[in-house]
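For reference, protein_15.txt is printed below; it contains compact mmCIF, C-alpha atoms.
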# COMPACT_ATOMS: atom_id res chain seq x y z
CA MET X 1 3.21 9.77 -19.36
CA ASP X 2 6.47 10.59 -17.62
CA GLU X 3 8.67 7.48 -17.67
CA HIS X 4 10.27 8.17 -14.25
CA ARG X 5 6.77 7.90 -12.71
CA ARG X 6 6.17 4.47 -14.26
CA ILE X 7 5.59 1.90 -11.51
CA ALA X 8 4.90 -1.33 -13.41
CA GLY X 9 3.10 -2.92 -16.29
CA VAL X 10 -0.62 -3.47 -15.69
CA GLU X 11 -0.10 -7.23 -16.07
CA GLU X 12 2.35 -7.12 -13.13
CA VAL X 13 -0.38 -5.90 -10.75
CA PRO X 14 -2.12 -8.98 -9.32
CA GLU X 15 -5.86 -9.37 -8.81
CA GLU X 16 -5.63 -11.80 -5.88
CA SER X 17 -2.75 -10.06 -4.11
CA THR X 18 -0.90 -6.76 -4.14
CA LEU X 19 2.23 -5.29 -5.67
CA LEU X 20 4.39 -3.34 -3.23
CA ALA X 21 6.07 -0.09 -4.26
CA THR X 22 8.23 2.41 -2.39
CA LEU X 23 7.52 6.14 -2.71
CA ARG X 24 9.23 9.26 -1.40
CA PRO X 25 7.00 12.01 -0.01
CA VAL X 26 7.70 15.35 -1.67
CA ASP X 27 7.08 17.02 1.71
CA PRO X 28 8.60 14.86 4.48
CA GLU X 29 6.51 16.69 7.09
CA THR X 30 3.36 15.02 5.75
CA VAL X 31 4.28 11.55 7.05
CA ASP X 32 3.55 10.37 10.58
CA GLU X 33 6.09 8.25 12.45
CA GLY X 34 3.24 5.98 13.60
CA GLU X 35 2.50 4.80 10.07
CA GLY X 36 3.72 1.24 9.63
CA ASP X 37 4.92 1.72 6.07
CA LEU X 38 7.44 4.43 6.97
CA GLY X 39 11.05 3.65 6.14
CA GLU X 40 14.18 5.61 5.44
CA GLY X 41 16.18 6.02 2.24
CA GLU X 42 19.96 5.82 2.05
CA ASP X 43 20.14 9.60 2.34
CA GLY X 44 17.96 9.60 5.48
CA SER X 45 14.86 10.90 3.72
CA PRO X 46 11.55 9.22 4.61
CA GLU X 47 10.10 6.58 2.32
CA VAL X 48 6.57 5.17 2.38
CA GLU X 49 4.97 2.18 0.73
CA ALA X 50 1.99 1.80 -1.56
CA ILE X 51 0.10 -1.36 -2.43
CA LEU X 52 -1.34 -1.73 -5.91
CA THR X 53 -4.13 -4.14 -6.78
CA ARG X 54 -6.64 -4.64 -9.55
CA ALA X 55 -10.30 -4.39 -8.64
CA ALA X 56 -12.98 -4.84 -11.29
CA GLY X 57 -10.25 -4.50 -13.92
CA GLU X 58 -8.99 -1.15 -12.60
CA VAL X 59 -5.69 -0.55 -10.81
CA ARG X 60 -5.95 1.09 -7.40
CA ALA X 61 -3.21 2.12 -4.95
CA PHE X 62 -3.22 2.77 -1.23
CA ARG X 63 -0.66 3.48 1.46
CA ASN X 64 0.49 0.23 3.02
CA TYR X 65 -0.81 0.50 6.58
CA CYS X 66 -3.98 -0.61 8.33
CA GLN X 67 -6.42 1.98 9.61
CA HIS X 68 -6.91 0.13 12.90
CA TRP X 69 -3.31 -0.30 13.98
CA THR X 70 -1.37 2.12 11.82
CA ASP X 71 1.92 0.43 12.73
CA VAL X 72 0.76 -2.70 10.86
CA ARG X 73 1.54 -3.14 7.17
CA LEU X 74 -1.03 -4.86 4.93
CA ASP X 75 1.64 -6.18 2.53
CA LYS X 76 4.73 -7.40 4.36
CA ASP X 77 6.66 -7.84 1.08
CA ASP X 78 4.89 -11.04 0.10
CA GLY X 79 1.63 -9.59 -1.20
CA ALA X 80 -1.45 -8.78 0.85
CA PHE X 81 -4.26 -11.30 0.66
CA VAL X 82 -7.03 -10.17 -1.74
CA ARG X 83 -10.24 -12.12 -2.33
CA ASN X 84 -13.54 -11.16 -3.95
CA GLY X 85 -12.39 -7.56 -4.34
CA GLU X 86 -11.35 -7.14 -0.71
CA VAL X 87 -7.89 -6.55 0.76
CA PHE X 88 -7.42 -8.31 4.09
CA CYS X 89 -5.42 -7.13 7.08
CA GLN X 90 -3.92 -10.46 8.11
CA THR X 91 -3.05 -9.14 11.56
CA HIS X 92 -6.59 -8.54 12.83
CA GLY X 93 -8.93 -9.67 10.04
CA ALA X 94 -10.30 -6.35 8.78
CA THR X 95 -11.35 -6.22 5.12
CA PHE X 96 -11.03 -3.20 2.83
CA GLU X 97 -12.82 -2.82 -0.50
CA ALA X 98 -10.08 -2.89 -3.15
CA ASP X 99 -11.88 -0.40 -5.39
CA GLY X 100 -11.98 2.41 -2.82
CA GLY X 101 -10.27 1.33 0.41
CA TYR X 102 -13.41 1.39 2.58
CA CYS X 103 -13.24 -0.97 5.59
CA ASN X 104 -16.44 -3.01 5.52
CA PHE X 105 -15.54 -5.43 8.33
CA GLY X 106 -13.36 -5.43 11.42
CA PRO X 107 -12.37 -3.15 14.27
CA CYS X 108 -11.79 -0.18 11.94
CA GLU X 109 -15.10 -0.60 10.07
CA GLY X 110 -16.02 2.65 8.33
CA ALA X 111 -12.40 3.83 7.98
CA VAL X 112 -10.83 4.27 4.55
CA LEU X 113 -7.31 3.39 3.41
CA GLU X 114 -5.22 6.39 2.34
CA SER X 115 -5.31 6.37 -1.45
CA VAL X 116 -2.41 7.10 -3.78
CA ALA X 117 -3.36 8.37 -7.23
CA VAL X 118 -2.22 6.21 -10.15
CA ALA X 119 -3.03 6.32 -13.85
CA VAL X 120 -2.98 3.62 -16.50
CA ALA X 121 -1.67 4.41 -19.98
CA ASP X 122 -0.20 2.26 -22.74
CA GLY X 123 -0.39 -0.90 -20.62
CA ALA X 124 1.53 0.58 -17.69
CA VAL X 125 0.72 2.02 -14.26
CA TYR X 126 2.08 5.48 -13.46
CA LEU X 127 2.22 7.41 -10.21
CA ASP X 128 -0.23 10.28 -10.65
CA ASP X 129 0.02 11.74 -7.16
CA ASP X 130 2.05 14.94 -6.86
CA ALA X 131 2.62 14.27 -3.14
CA TYR X 132 5.03 11.41 -3.96
CA GLU X 133 7.95 10.40 -6.15
CA PHE X 134 8.34 6.80 -7.30
CA VAL X 135 11.47 5.11 -5.88
CA ARG X 136 11.25 1.38 -6.69
CA ILE X 137 9.16 -1.79 -6.63
CA GLY X 138 9.46 -3.52 -3.25
CA PRO X 139 9.59 -2.47 0.39
CA SER X 140 11.00 0.72 1.84
CA ASP X 141 14.43 0.36 3.41
CA GLY X 142 14.75 -0.75 7.00
CA LYS X 143 11.34 -2.41 7.28
CA GLY X 144 10.65 -5.54 9.26
CA ASP X 145 7.36 -7.31 8.75
CA GLY X 146 5.54 -4.63 10.75
CA SER X 147 3.52 -7.12 12.74
CA GLY X 148 5.15 -6.91 16.18
CA SER X 149 3.63 -9.39 18.60
CA ARG X 150 0.05 -8.91 17.43
CA ILE X 151 -2.33 -11.71 16.50
CA ASP X 152 -1.94 -13.11 12.99
CA PHE X 153 -5.08 -14.32 11.21
CA THR X 154 -3.18 -16.23 8.55
CA GLY X 155 -3.03 -19.36 10.66
CA ASN X 156 0.76 -19.12 11.08
Written as structure tokens, that's how I'd like the structure from this file.
Amino acid sequence: MDEHRRIAGVEEVPEESTLLATLRPVDPETVDEGEGDLGEGEDGSPEVEAILTRAAGEVRAFRNYCQHWTDVRLDKDDGAFVRNGEVFCQTHGATFEADGGYCNFGPCEGAVLESVAVAVADGAVYLDDDAYEFVRIGPSDGKGDGSGSRIDFTGN
């Protein structure tokens, strides 16, 4: 696999949380300003975020915004909550199946997280989606927590 597309070692991708990565869209026109994971690189080019998690032993990746309120990030740079193979939106309580991104509970039930293709080889996770370039582990530049004044189901 191409080393510049290497995101992380498989062991770095948590099962009960997510690993946050920043990507650069190859075609900047494909990103929507309403997507909560949208940031901007030092050169002014758009950056987006992906969350990686392990479900049933397989690594999956999705864009880091909820399908209900697309201005809300699932992982606010501290790992999204994952339990029993479901990724939780801590802002409004929706749950998404970690193996495919399908929302099985909450106000966006039936919606599906936008997937990002990744491949596993030689103990590492590689970006396998030609629509993006890998930038770094961690949040895109210029991001707050993406939660605004919405309700928070974490109890905080």
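Within 7 Å of the point (1.7, -5.1, -8.6), counting all atoms listed in the file, the protein and nucleic acid residues come to Ala8, Glu12, Val13, Pro14, Thr18, Leu19, Leu20, Leu52 and Thr53 of chain X.
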Export of the given selection (C-alpha atoms) as a compact mmCIF listing (two decimals), in the coordinates of the input:
# COMPACT_ATOMS: atom_id res chain seq x y z
CA ALA X 8 4.90 -1.33 -13.41
CA GLU X 12 2.35 -7.12 -13.13
CA VAL X 13 -0.38 -5.90 -10.75
CA PRO X 14 -2.12 -8.98 -9.32
CA THR X 18 -0.90 -6.76 -4.14
CA LEU X 19 2.23 -5.29 -5.67
CA LEU X 20 4.39 -3.34 -3.23
CA LEU X 52 -1.34 -1.73 -5.91
CA THR X 53 -4.13 -4.14 -6.78
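Those residues that approach Cys89 of chain X to within 9 Å, counting all atoms listed in the file, are Tyr65, Cys66, Val72, Arg73, Leu74, Asp75, Ala80, Phe81, Thr95, Phe96 and Phe153 of chain X; same-chain residues fewer than 6 positions away are not listed.
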Using all atoms listed in the file for the distances, tell me which of X:Ala124, X:Val135, X:Ala98, X:Ile7 is nearest to Val48 of chain X.
X:Val135
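Closest approach to Gly138 of chain X among X:Gly101, X:Glu47, X:Gln67, X:Thr22 is made by X:Thr22 (distances from all atoms listed in the file).
Minimum atom-to-atom distances from X:Ser17, X:Ser45, X:Ser115, X:Asn64 to Gly79 of chain X were compared using only C-alpha atoms, and the lowest value belongs to X:Ser17.
The nearest approach to Thr91 of chain X among the residues X:Asp77, X:Asp71, X:Glu133, X:Glu35, with all atoms listed in the file taken into account, belongs to X:Asp71.
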Non-local contacts of Val116 of chain X (9 Å; all atoms listed in the file; under 3 positions in same chain excluded) as JSON, numbers by chain
{"X": [50, 51, 60, 61, 62, 63, 127, 128, 129, 131, 132]}
Can I get the selection written as a compact mmCIF listing (two decimals), keeping the file's coordinate frame, with C-alpha atoms?
# COMPACT_ATOMS: atom_id res chain seq x y z
CA ALA X 50 1.99 1.80 -1.56
CA ILE X 51 0.10 -1.36 -2.43
CA ARG X 60 -5.95 1.09 -7.40
CA ALA X 61 -3.21 2.12 -4.95
CA PHE X 62 -3.22 2.77 -1.23
CA ARG X 63 -0.66 3.48 1.46
CA LEU X 127 2.22 7.41 -10.21
CA ASP X 128 -0.23 10.28 -10.65
CA ASP X 129 0.02 11.74 -7.16
CA ALA X 131 2.62 14.27 -3.14
CA TYR X 132 5.03 11.41 -3.96
